[in-house]
>>> print(open('work36.txt').read())   # compact mmCIF, C-alpha atoms and all ligand atoms
# COMPACT_ATOMS: atom_id res chain seq x y z
CA MET A 3 11.09 18.90 -13.90
CA PRO A 4 14.51 18.51 -12.34
CA ASP A 5 17.17 16.53 -14.13
CA VAL A 6 17.41 13.36 -12.03
CA PHE A 7 20.07 10.69 -12.46
CA LEU A 8 20.58 7.23 -11.04
CA SER A 9 24.14 6.23 -10.22
CA ARG A 10 24.42 2.46 -10.64
CA HIS A 11 27.18 -0.05 -11.41
CA PRO A 12 27.00 -3.77 -12.28
CA LEU A 13 29.66 -4.52 -9.66
CA PHE A 14 27.24 -3.44 -6.91
CA LEU A 15 25.40 -6.70 -7.68
CA GLU A 16 28.63 -8.72 -7.53
CA HIS A 17 29.36 -7.80 -3.90
CA ASP A 18 28.23 -11.17 -2.53
CA THR A 19 27.62 -11.30 1.20
CA GLY A 20 26.54 -14.96 1.19
CA PRO A 21 23.30 -16.79 1.89
CA GLY A 22 20.90 -15.22 4.36
CA HIS A 23 22.77 -11.92 4.71
CA PRO A 24 20.32 -9.01 4.91
CA GLU A 25 22.60 -6.63 2.95
CA CYS A 26 22.27 -8.55 -0.32
CA ALA A 27 22.29 -7.84 -4.05
CA ASP A 28 18.55 -8.57 -4.20
CA ARG A 29 18.05 -5.19 -2.52
CA LEU A 30 19.25 -3.40 -5.64
CA ARG A 31 17.35 -5.83 -7.88
CA ALA A 32 14.18 -5.01 -5.93
CA ILE A 33 14.75 -1.26 -6.37
CA ASP A 34 15.43 -1.75 -10.08
CA ALA A 35 12.21 -3.76 -10.42
CA GLY A 36 10.24 -0.97 -8.76
CA LEU A 37 11.89 1.66 -10.96
CA ARG A 38 11.11 -0.40 -14.08
CA GLU A 39 7.46 -0.76 -13.06
CA ARG A 40 7.20 3.02 -12.86
CA GLY A 41 8.96 3.52 -16.20
CA LEU A 42 11.74 5.44 -14.47
CA LEU A 43 14.66 3.42 -15.81
CA ASP A 44 13.85 4.82 -19.25
CA GLU A 45 13.18 8.36 -18.11
CA LEU A 46 16.14 9.04 -15.85
CA GLU A 47 19.79 9.50 -16.74
CA ASP A 48 21.90 6.47 -15.89
CA ARG A 49 25.35 7.30 -14.56
CA ARG A 50 28.06 4.67 -14.27
CA PRO A 51 30.28 5.85 -11.40
CA PRO A 52 34.07 5.61 -11.59
CA GLN A 53 36.14 4.24 -8.72
CA ALA A 54 37.21 6.58 -5.95
CA MET A 55 40.95 7.19 -5.96
CA LYS A 56 43.11 6.54 -2.94
CA ALA A 57 43.53 10.31 -2.47
CA ASP A 58 39.73 10.60 -2.17
CA LEU A 59 39.56 7.90 0.50
CA LEU A 60 42.49 9.36 2.44
CA ARG A 61 40.38 12.37 3.38
CA VAL A 62 38.39 10.20 5.79
CA HIS A 63 40.30 6.91 6.11
CA ASP A 64 43.81 6.01 7.29
CA ALA A 65 46.29 4.83 4.67
CA ASP A 66 46.91 1.57 6.53
CA TYR A 67 43.20 0.84 6.65
CA ILE A 68 42.75 1.57 2.94
CA ASP A 69 45.65 -0.77 2.12
CA SER A 70 44.17 -3.47 4.34
CA VAL A 71 40.86 -3.27 2.47
CA LEU A 72 42.56 -3.23 -0.94
CA ALA A 73 44.39 -6.41 0.09
CA TRP A 74 40.99 -8.17 0.05
CA ARG A 75 40.74 -7.74 -3.75
CA ASN A 76 39.73 -11.03 -5.37
CA ARG A 77 39.39 -12.75 -2.01
CA SER A 78 36.52 -13.77 0.25
CA GLY A 79 36.35 -13.35 4.00
CA ALA A 80 34.99 -11.34 6.90
CA LEU A 81 36.31 -7.92 7.98
CA ASP A 82 34.24 -8.07 11.14
CA ALA A 83 31.39 -10.22 12.45
CA ASP A 84 28.87 -8.99 9.88
CA THR A 85 30.99 -7.26 7.21
CA VAL A 86 31.70 -9.86 4.56
CA VAL A 87 33.65 -9.58 1.31
CA SER A 88 33.61 -11.63 -1.89
CA PRO A 89 36.11 -11.36 -4.78
CA ALA A 90 34.35 -8.32 -6.33
CA SER A 91 33.59 -6.47 -3.09
CA VAL A 92 36.62 -4.19 -2.97
CA GLU A 93 36.07 -3.00 -6.55
CA ALA A 94 32.38 -2.49 -5.75
CA SER A 95 33.20 -0.46 -2.65
CA LEU A 96 35.54 1.79 -4.66
CA HIS A 97 32.75 2.46 -7.16
CA ALA A 98 30.31 3.10 -4.28
CA ALA A 99 32.53 5.83 -2.86
CA GLY A 100 33.19 7.02 -6.43
CA ALA A 101 29.44 7.40 -6.97
CA LEU A 102 29.34 10.11 -4.30
CA ILE A 103 32.28 11.96 -5.82
CA ASP A 104 30.88 11.76 -9.34
CA GLY A 105 27.36 12.59 -8.11
CA ILE A 106 28.52 15.63 -6.16
CA ASP A 107 30.45 16.91 -9.17
CA ALA A 108 27.27 16.47 -11.23
CA VAL A 109 24.88 18.26 -8.86
CA LEU A 110 27.27 21.13 -8.16
CA ASP A 111 27.75 21.59 -11.90
CA ASN A 112 24.04 22.09 -12.62
CA PRO A 113 21.59 23.46 -10.05
CA ARG A 114 18.61 21.72 -11.74
CA ARG A 115 20.23 18.31 -11.40
CA THR A 116 19.96 15.83 -8.53
CA GLY A 117 20.62 12.14 -8.17
CA PHE A 118 20.32 8.89 -6.30
CA CYS A 119 23.39 6.73 -5.74
CA LEU A 120 22.01 3.18 -5.64
CA VAL A 121 25.16 1.69 -4.18
CA ARG A 122 26.38 -1.32 -2.26
CA PRO A 123 28.14 -1.76 0.08
CA PRO A 124 26.65 1.02 2.21
CA GLY A 125 28.99 3.31 4.12
CA HIS A 126 27.87 5.21 7.20
CA HIS A 127 29.25 2.79 9.81
CA ALA A 128 32.76 2.64 8.29
CA GLU A 129 35.26 4.31 10.61
CA ARG A 130 38.57 6.00 9.79
CA ASP A 131 40.44 2.76 10.51
CA ARG A 132 37.83 0.03 10.54
CA ALA A 133 35.12 -1.71 8.48
CA MET A 134 31.88 -2.12 10.35
CA GLY A 135 28.19 -2.94 9.98
CA PHE A 136 28.25 -4.03 6.29
CA CYS A 137 30.34 -0.94 5.37
CA LEU A 138 33.89 -0.84 3.93
CA PHE A 139 34.46 2.80 2.96
CA ASN A 140 32.30 5.65 4.24
CA ASN A 141 30.77 6.70 0.94
CA VAL A 142 28.89 9.77 2.17
CA ALA A 143 31.87 10.98 4.24
CA VAL A 144 34.21 10.57 1.25
CA GLY A 145 31.71 12.63 -0.74
CA ALA A 146 31.35 15.40 1.84
CA ALA A 147 35.13 15.66 2.25
CA HIS A 148 35.48 15.85 -1.54
CA ALA A 149 32.91 18.66 -1.70
CA VAL A 150 34.96 20.64 0.80
CA ALA A 151 38.42 19.85 -0.61
CA LYS A 152 37.72 20.00 -4.34
CA HIS A 153 34.79 22.41 -4.61
CA GLY A 154 35.75 24.67 -1.73
CA LEU A 155 32.41 24.30 0.03
CA ARG A 156 32.35 25.57 3.60
CA ARG A 157 28.99 24.17 4.72
CA VAL A 158 27.84 20.66 3.81
CA LEU A 159 24.94 19.07 5.68
CA ILE A 160 24.48 15.31 5.91
CA PHE A 161 21.04 14.09 6.97
CA ASP A 162 21.00 10.43 7.99
CA PRO A 163 17.51 9.02 8.69
CA ASP A 164 18.80 5.43 8.50
CA VAL A 165 17.49 3.67 11.60
CA HIS A 166 21.05 3.02 12.78
CA HIS A 167 23.34 5.81 13.93
CA GLY A 168 26.04 6.65 11.38
CA ASN A 169 28.92 6.42 13.81
CA GLY A 170 31.56 6.59 11.08
CA THR A 171 30.13 9.74 9.53
CA GLN A 172 29.73 11.48 12.88
CA ASN A 173 33.32 10.67 13.85
CA ALA A 174 34.71 11.83 10.50
CA PHE A 175 33.40 15.36 11.04
CA TYR A 176 32.84 15.70 14.80
CA ARG A 177 35.51 18.39 15.14
CA ARG A 178 34.87 20.07 11.80
CA GLY A 179 32.59 23.02 11.19
CA ASP A 180 32.35 22.49 7.44
CA VAL A 181 30.27 19.30 7.58
CA PHE A 182 27.17 19.21 9.79
CA TYR A 183 25.88 15.73 10.62
CA VAL A 184 22.24 15.14 11.62
CA SER A 185 20.92 11.66 12.49
CA ILE A 186 17.61 10.22 13.62
CA HIS A 187 18.06 6.68 14.89
CA GLN A 188 16.53 3.98 17.07
CA SER A 189 18.18 3.68 20.47
CA PRO A 190 19.15 1.29 21.87
CA LEU A 191 20.19 -0.46 18.67
CA PHE A 192 23.38 -1.26 16.74
CA PRO A 193 25.94 0.36 16.79
CA GLY A 194 25.06 1.80 20.22
CA THR A 195 26.44 5.28 19.50
CA GLY A 196 24.73 8.60 18.80
CA ARG A 197 23.84 10.16 22.12
CA LEU A 198 21.72 13.30 22.23
CA ASP A 199 24.42 15.28 24.02
CA GLU A 200 27.05 14.62 21.33
CA THR A 201 26.80 17.98 19.56
CA GLY A 202 30.31 18.31 18.13
CA ALA A 203 33.59 19.68 19.51
CA GLY A 204 36.20 22.29 18.63
CA GLU A 205 35.46 23.80 15.20
CA GLY A 206 32.57 21.36 14.99
CA ALA A 207 30.87 22.49 18.21
CA GLY A 208 27.13 22.76 17.63
CA ARG A 209 27.43 21.02 14.28
CA ASN A 210 26.38 17.49 15.15
CA ALA A 211 22.78 16.63 16.01
CA ASN A 212 21.65 13.19 17.13
CA VAL A 213 18.02 12.33 17.80
CA PRO A 214 17.94 8.89 19.42
CA LEU A 215 14.39 7.55 19.65
CA PRO A 216 12.94 4.56 21.48
CA ALA A 217 11.55 1.68 19.41
CA GLY A 218 7.98 1.91 18.15
CA LEU A 219 7.88 5.55 17.04
CA GLY A 220 7.23 6.66 13.49
CA ASP A 221 5.71 9.30 11.25
CA PRO A 222 4.65 11.89 13.88
CA GLU A 223 8.14 11.93 15.39
CA TYR A 224 10.11 11.94 12.11
CA LEU A 225 7.96 14.75 10.74
CA HIS A 226 8.12 16.72 13.99
CA ILE A 227 11.92 16.49 13.95
CA THR A 228 12.05 17.46 10.28
CA GLU A 229 9.82 20.48 10.73
CA ASN A 230 11.17 21.72 14.03
CA LEU A 231 14.85 20.79 13.92
CA LEU A 232 16.03 20.05 10.41
CA LEU A 233 14.29 22.83 8.48
CA PRO A 234 15.33 25.52 10.98
CA LEU A 235 18.91 24.17 10.84
CA ILE A 236 18.87 24.44 7.05
CA ALA A 237 17.67 28.04 7.33
CA GLU A 238 20.32 28.90 9.85
CA TYR A 239 23.35 26.88 8.73
CA ARG A 240 22.64 27.64 5.05
CA PRO A 241 24.26 24.49 3.63
CA GLU A 242 25.75 24.74 0.16
CA LEU A 243 25.07 21.03 -0.40
CA VAL A 244 22.88 18.46 1.38
CA LEU A 245 23.71 14.76 1.29
CA PHE A 246 21.11 12.20 2.36
CA SER A 247 22.39 9.00 3.94
CA ALA A 248 19.16 7.45 2.75
CA GLY A 249 18.41 4.38 4.80
CA PHE A 250 14.92 2.89 4.76
CA ASP A 251 15.26 0.55 7.73
CA ALA A 252 13.16 2.82 9.98
CA HIS A 253 10.19 1.49 7.99
CA LEU A 254 7.38 -0.27 9.82
CA ARG A 255 8.14 -3.56 8.06
CA ASP A 256 11.93 -3.57 8.21
CA PRO A 257 13.25 -6.81 9.75
CA LEU A 258 16.34 -5.31 11.46
CA ALA A 259 14.70 -2.58 13.57
CA GLN A 260 11.49 -1.65 15.34
CA MET A 261 10.54 1.84 14.14
CA GLU A 262 7.20 2.46 12.43
CA VAL A 263 7.74 4.98 9.63
CA THR A 264 5.31 4.37 6.75
CA ASP A 265 5.77 4.91 3.00
CA ASP A 266 3.72 8.06 3.36
CA GLY A 267 5.92 9.19 6.26
CA PHE A 268 9.11 8.85 4.23
CA LEU A 269 7.60 10.74 1.30
CA ARG A 270 6.28 13.53 3.48
CA MET A 271 9.60 13.85 5.31
CA TYR A 272 11.62 14.02 2.10
CA GLY A 273 8.96 16.25 0.55
CA MET A 274 9.34 18.86 3.29
CA ILE A 275 13.12 18.84 2.99
CA VAL A 276 13.39 18.69 -0.80
CA SER A 277 10.88 21.48 -1.33
CA THR A 278 12.81 23.64 1.13
CA LEU A 279 16.10 22.90 -0.63
CA SER A 280 14.59 23.54 -4.06
CA ALA A 281 13.09 26.84 -2.94
CA ARG A 282 16.49 27.91 -1.64
CA GLY A 283 18.42 26.58 -4.63
CA ILE A 284 20.47 24.19 -2.47
CA PRO A 285 21.78 21.15 -4.38
CA PHE A 286 21.30 17.70 -2.88
CA LEU A 287 22.23 14.10 -3.53
CA CYS A 288 20.90 10.85 -2.00
CA THR A 289 22.92 7.72 -1.35
CA LEU A 290 21.49 4.39 -0.29
CA GLU A 291 22.43 3.12 3.16
CA GLY A 292 20.25 0.44 4.83
CA GLY A 293 16.76 -0.91 4.28
CA TYR A 294 16.35 -4.67 4.43
CA SER A 295 12.76 -5.48 3.54
CA LEU A 296 12.86 -6.17 -0.20
CA ASP A 297 9.13 -5.43 -0.50
CA VAL A 298 9.56 -2.09 1.25
CA ILE A 299 12.53 -0.81 -0.72
CA ARG A 300 11.00 -2.02 -4.01
CA GLU A 301 8.12 0.37 -3.31
CA THR A 302 9.55 3.20 -1.20
CA VAL A 303 12.82 3.98 -2.98
CA PRO A 304 11.27 4.25 -6.47
CA ALA A 305 8.33 6.21 -5.00
CA LEU A 306 10.76 8.71 -3.49
CA ILE A 307 12.75 9.01 -6.72
CA GLU A 308 9.54 9.52 -8.69
CA SER A 309 8.32 12.17 -6.24
CA VAL A 310 11.57 14.10 -6.59
CA PHE A 311 11.51 13.75 -10.39
CA ARG A 312 7.86 14.82 -10.78
CA GLU A 313 8.09 17.34 -7.90
CA ARG A 314 5.00 15.76 -6.38
CA PHE A 315 4.90 14.87 -2.70
CA PRO A 316 1.95 13.95 -0.46
CA GLU A 317 0.14 16.90 1.06
CA PRO A 318 1.16 17.56 4.64
CA GLY A 319 -1.81 16.09 6.51
CA ARG A 320 -2.73 16.02 10.16
CA LEU A 321 -0.55 14.06 12.53
CA GLU A 322 -0.73 12.61 15.99
CA PRO A 323 1.35 14.69 18.42
CA ALA A 324 4.96 13.54 18.53
CA HIS A 325 6.15 11.44 21.45
CA GLU A 326 7.74 13.35 24.32
CA SER A 327 11.21 11.90 23.56
CA ALA A 328 11.21 13.52 20.11
CA ARG A 329 9.87 16.83 21.36
CA ALA A 330 12.40 16.96 24.19
CA ALA A 331 15.27 16.12 21.84
CA VAL A 332 14.27 18.90 19.44
CA THR A 333 14.08 21.39 22.30
CA PHE A 334 17.47 20.30 23.64
CA LEU A 335 19.18 20.44 20.23
CA SER A 336 17.57 23.71 19.19
CA GLY A 337 19.51 25.44 21.93
CA ARG A 338 22.83 23.75 21.22
CA THR A 339 23.25 23.25 17.50
CA GLY A 340 23.42 25.43 14.42
CA ASN A 341 25.28 28.69 14.70
CA ARG A 342 23.91 29.65 18.11
CA GLU A 343 26.86 28.48 20.17
CA ARG A 344 29.47 29.83 17.85
ZN ZN A 401 20.69 0.94 8.96
>>> encode(input="work36.txt", output="structure tokens")
Amino acid sequence: MPDVFLSRHPLFLEHDTGPGHPECADRLRAIDAGLRERGLLDELEDRRPPQAMKADLLRVHDADYIDSVLAWRNRSGALDADTVVSPASVEASLHAAGALIDGIDAVLDNPRRTGFCLVRPPGHHAERDRAMGFCLFNNVAVGAAHAVAKHGLRRVLIFDPDVHHGNGTQNAFYRRGDVFYVSIHQSPLFPGTGRLDETGAGEGAGRNANVPLPAGLGDPEYLHITENLLLPLIAEYRPELVLFSAGFDAHLRDPLAQMEVTDDGFLRMYGMIVSTLSARGIPFLCTLEGGYSLDVIRETVPALIESVFRERFPEPGRLEPAHESARAAVTFLSGRTGNRER
């Protein structure tokens, strides 16, 4: 069995977004409850992530922006309409970005090791100079930039199946060839970015793939895209590290979006990818982004972690044909991404 760790920190529970906010500490409590029910809290290594240093953040954020966030230490307020901070939020956000750095160091050190960063606040909407959509620092982008700068990696792939487009992550690497960003997201939906024809520019040309999908689609489309876009990209781009911006808000029962991915769909999707990565010896690390139904994430996140740990995923069964929008997007992107245009 692989050596699986959980990266968790008590401060992630102290980031208090106030009553009624969907991105709440109960999300992590729900995941912990599900992990405990499965006995996984005793079986898996528990890592306590350090804080990211300013030099780590500077790879994807402006100095002025970092200072403006740090100035919110021990204060409460709102950085934008839905991005709220409490006195512990800045420290929590530094540990969240630190979890990616620490986790990447851990998985690159030992090819049999992988991990799940169960962090708050999430990160993929955070821009170079702006907090956005519950996110302060772009955790996964800080991690990918660290993998390039400190470990000398030349090909990192970020897969972001969160139902919202990861605008911050795309923008961080849009002109870079060393980090390939792939997103499946509902469109139209917040943040309104992530068009199909945004495939990267300059050194990053052909190394950004967005699959925007209309509301109401689910397992057949996500699995079609995985099989026909993502797996071929992995074979062709040959990433040295894969980071999952693991959002679970594309689930059928998520309150913030209208996609219809089931528990089984998530497990089959990750199963296809993880078994491919394992067969190729490619290290990977997951970090939590969205997912706002407490019942869903209590079940789905621990089920995914257990599947990775026990190397047991659902059998690929029969599927309805994917909706035309997904098939057309895969065809479009297959001709324009990867190494083909380079
Ligand atoms: Zn989301």
>>> residues_near_point(input="work36.txt", point="(25.3, -4.8, -5.4)", cutoff="10 Å", atoms="all atoms listed in the file", output="list of chain:residue names")
A:Arg10, A:His11, A:Pro12, A:Leu13, A:Phe14, A:Leu15, A:Glu16, A:His17, A:Asp18, A:Thr19, A:Glu25, A:Cys26, A:Ala27, A:Asp28, A:Arg29, A:Leu30, A:Arg31, A:Ala90, A:Ser91, A:Ala94, A:Ser95, A:Ala98, A:Leu120, A:Val121, A:Arg122, A:Pro123, A:Pro124
>>> atom_distance(input="work36.txt", atom1="CA of Val165 (chain A)", atom2="CA of Gly249 (chain A)")
6.9 Å
>>> residues_around(input="work36.txt", residues="Leu335 (chain A)", least_positions_apart="6", cutoff="8 Å", atoms="only C-alpha atoms", output="MDAnalysis selection string")
chainID A and resid 198 211 231
>>> residues_near_ligand(input="work36.txt", ligand="ligand ZN 401 (chain A)", cutoff="10 Å", atoms="only C-alpha atoms and all ligand atoms", output="ChimeraX atom specification")
/A:25,124-127,135-136,162-168,187-188,191-193,247-252,256,258-259,290-294
>>> atom_distance(input="work36.txt", atom1="CA of Glu308 (chain A)", atom2="CA of Ala35 (chain A)")
13.7 Å
>>> residues_around(input="work36.txt", residues="region 310-318 of chain A", least_positions_apart="4", cutoff="12 Å", atoms="all atoms listed in the file", output="PyMOL selection string")
chain A and resi 3-8+40+42+45-47+114-118+221-222+225-226+229+265-281+286-288+303-306
>>> atom_distance(input="work36.txt", atom1="CA of Phe161 (chain A)", atom2="CA of Gly220 (chain A)")
17.0 Å
>>> closest_residue(input="work36.txt", among="A:Ile307, A:Arg61, A:Arg132, A:Leu245", to="Gly41 (chain A)", atoms="only C-alpha atoms")
A:Ile307
>>> closest_residue(input="work36.txt", among="A:Phe246, A:Phe175, A:Tyr183, A:Phe139", to="Ala99 (chain A)", atoms="all atoms listed in the file")
A:Phe139
>>> closest_residue(input="work36.txt", among="A:Gly79, A:Gly283, A:Gly179, A:Pro52", to="Ala207 (chain A)", atoms="only C-alpha atoms")
A:Gly179
>>> closest_residue(input="work36.txt", among="A:His63, A:Arg156, A:His23, A:Arg38", to="Val87 (chain A)", atoms="only C-alpha atoms")
A:His23
>>> closest_residue(input="work36.txt", among="A:Ser185, A:Thr333, A:Thr264, A:Thr85", to="Glu301 (chain A)", atoms="all atoms listed in the file")
A:Thr264
>>> residues_near_point(input="work36.txt", point="(41.2, 10.2, 0.9)", cutoff="10 Å", atoms="only C-alpha atoms", output="ChimeraX atom specification")
/A:54-65,68,143-145,147-148
>>> residues_around(input="work36.txt", residues="Glu242 (chain A)", least_positions_apart="2", cutoff="9 Å", atoms="only C-alpha atoms", output="MDAnalysis selection string")
chainID A and resid 155:159 240 244 283:286
>>> closest_residue(input="work36.txt", among="A:Thr302, A:Gln53, A:Ser88, A:Thr289", to="Val263 (chain A)", atoms="all atoms listed in the file")
A:Thr302
>>> decode(input="work36.txt", residues="region 194-211 of chain A", atoms="N, CA, C and O atoms", output="PDB file, in the first residue's frame")
ATOM      1  N   GLY A 194     -16.581  33.277 -13.731  1.00  0.00           N
ATOM      2  CA  GLY A 194     -16.890  33.750 -15.083  1.00  0.00           C
ATOM      3  C   GLY A 194     -15.732  33.642 -16.061  1.00  0.00           C
ATOM      4  O   GLY A 194     -15.842  34.051 -17.209  1.00  0.00           O
ATOM      5  N   THR A 195     -14.609  33.067 -15.616  1.00  0.00           N
ATOM      6  CA  THR A 195     -13.437  32.926 -16.491  1.00  0.00           C
ATOM      7  C   THR A 195     -13.351  31.474 -16.975  1.00  0.00           C
ATOM      8  O   THR A 195     -14.186  30.642 -16.654  1.00  0.00           O
ATOM      9  N   GLY A 196     -12.308  31.178 -17.747  1.00  0.00           N
ATOM     10  CA  GLY A 196     -12.040  29.796 -18.128  1.00  0.00           C
ATOM     11  C   GLY A 196     -12.640  29.389 -19.450  1.00  0.00           C
ATOM     12  O   GLY A 196     -13.215  28.304 -19.583  1.00  0.00           O
ATOM     13  N   ARG A 197     -12.455  30.226 -20.464  1.00  0.00           N
ATOM     14  CA  ARG A 197     -12.981  29.889 -21.790  1.00  0.00           C
ATOM     15  C   ARG A 197     -12.189  28.747 -22.432  1.00  0.00           C
ATOM     16  O   ARG A 197     -10.990  28.596 -22.223  1.00  0.00           O
ATOM     17  N   LEU A 198     -12.895  28.024 -23.277  1.00  0.00           N
ATOM     18  CA  LEU A 198     -12.297  26.888 -23.989  1.00  0.00           C
ATOM     19  C   LEU A 198     -11.080  27.304 -24.820  1.00  0.00           C
ATOM     20  O   LEU A 198     -10.097  26.571 -24.922  1.00  0.00           O
ATOM     21  N   ASP A 199     -11.150  28.497 -25.422  1.00  0.00           N
ATOM     22  CA  ASP A 199     -10.067  28.887 -26.332  1.00  0.00           C
ATOM     23  C   ASP A 199      -8.868  29.512 -25.614  1.00  0.00           C
ATOM     24  O   ASP A 199      -7.921  29.953 -26.260  1.00  0.00           O
ATOM     25  N   GLU A 200      -8.882  29.528 -24.283  1.00  0.00           N
ATOM     26  CA  GLU A 200      -7.718  30.011 -23.534  1.00  0.00           C
ATOM     27  C   GLU A 200      -6.762  28.841 -23.329  1.00  0.00           C
ATOM     28  O   GLU A 200      -6.903  28.062 -22.388  1.00  0.00           O
ATOM     29  N   THR A 201      -5.793  28.706 -24.232  1.00  0.00           N
ATOM     30  CA  THR A 201      -4.927  27.519 -24.210  1.00  0.00           C
ATOM     31  C   THR A 201      -3.475  27.870 -23.888  1.00  0.00           C
ATOM     32  O   THR A 201      -2.570  27.084 -24.157  1.00  0.00           O
ATOM     33  N   GLY A 202      -3.258  29.050 -23.285  1.00  0.00           N
ATOM     34  CA  GLY A 202      -1.900  29.442 -22.925  1.00  0.00           C
ATOM     35  C   GLY A 202      -1.299  30.361 -23.969  1.00  0.00           C
ATOM     36  O   GLY A 202      -1.813  30.487 -25.086  1.00  0.00           O
ATOM     37  N   ALA A 203      -0.187  31.019 -23.596  1.00  0.00           N
ATOM     38  CA  ALA A 203       0.461  31.975 -24.504  1.00  0.00           C
ATOM     39  C   ALA A 203       1.961  31.931 -24.273  1.00  0.00           C
ATOM     40  O   ALA A 203       2.427  31.506 -23.209  1.00  0.00           O
ATOM     41  N   GLY A 204       2.714  32.385 -25.249  1.00  0.00           N
ATOM     42  CA  GLY A 204       4.176  32.426 -25.128  1.00  0.00           C
ATOM     43  C   GLY A 204       4.718  31.036 -24.831  1.00  0.00           C
ATOM     44  O   GLY A 204       4.335  30.055 -25.469  1.00  0.00           O
ATOM     45  N   GLU A 205       5.601  30.936 -23.829  1.00  0.00           N
ATOM     46  CA  GLU A 205       6.158  29.642 -23.414  1.00  0.00           C
ATOM     47  C   GLU A 205       5.060  28.670 -22.973  1.00  0.00           C
ATOM     48  O   GLU A 205       5.244  27.465 -22.980  1.00  0.00           O
ATOM     49  N   GLY A 206       3.932  29.240 -22.552  1.00  0.00           N
ATOM     50  CA  GLY A 206       2.834  28.412 -22.068  1.00  0.00           C
ATOM     51  C   GLY A 206       1.821  28.032 -23.137  1.00  0.00           C
ATOM     52  O   GLY A 206       0.778  27.444 -22.830  1.00  0.00           O
ATOM     53  N   ALA A 207       2.108  28.349 -24.396  1.00  0.00           N
ATOM     54  CA  ALA A 207       1.156  28.034 -25.466  1.00  0.00           C
ATOM     55  C   ALA A 207       0.890  26.539 -25.528  1.00  0.00           C
ATOM     56  O   ALA A 207       1.818  25.730 -25.539  1.00  0.00           O
ATOM     57  N   GLY A 208      -0.382  26.174 -25.517  1.00  0.00           N
ATOM     58  CA  GLY A 208      -0.763  24.756 -25.556  1.00  0.00           C
ATOM     59  C   GLY A 208      -0.703  24.093 -24.192  1.00  0.00           C
ATOM     60  O   GLY A 208      -0.894  22.880 -24.089  1.00  0.00           O
ATOM     61  N   ARG A 209      -0.445  24.874 -23.151  1.00  0.00           N
ATOM     62  CA  ARG A 209      -0.306  24.272 -21.822  1.00  0.00           C
ATOM     63  C   ARG A 209      -1.312  24.827 -20.818  1.00  0.00           C
ATOM     64  O   ARG A 209      -1.012  25.014 -19.637  1.00  0.00           O
ATOM     65  N   ASN A 210      -2.511  25.082 -21.329  1.00  0.00           N
ATOM     66  CA  ASN A 210      -3.643  25.442 -20.477  1.00  0.00           C
ATOM     67  C   ASN A 210      -4.870  24.845 -21.153  1.00  0.00           C
ATOM     68  O   ASN A 210      -5.078  25.039 -22.353  1.00  0.00           O
ATOM     69  N   ALA A 211      -5.646  24.079 -20.403  1.00  0.00           N
ATOM     70  CA  ALA A 211      -6.818  23.430 -21.001  1.00  0.00           C
ATOM     71  C   ALA A 211      -8.034  23.650 -20.109  1.00  0.00           C
ATOM     72  O   ALA A 211      -8.054  23.193 -18.963  1.00  0.00           O
TER      73      ALA A 211
END
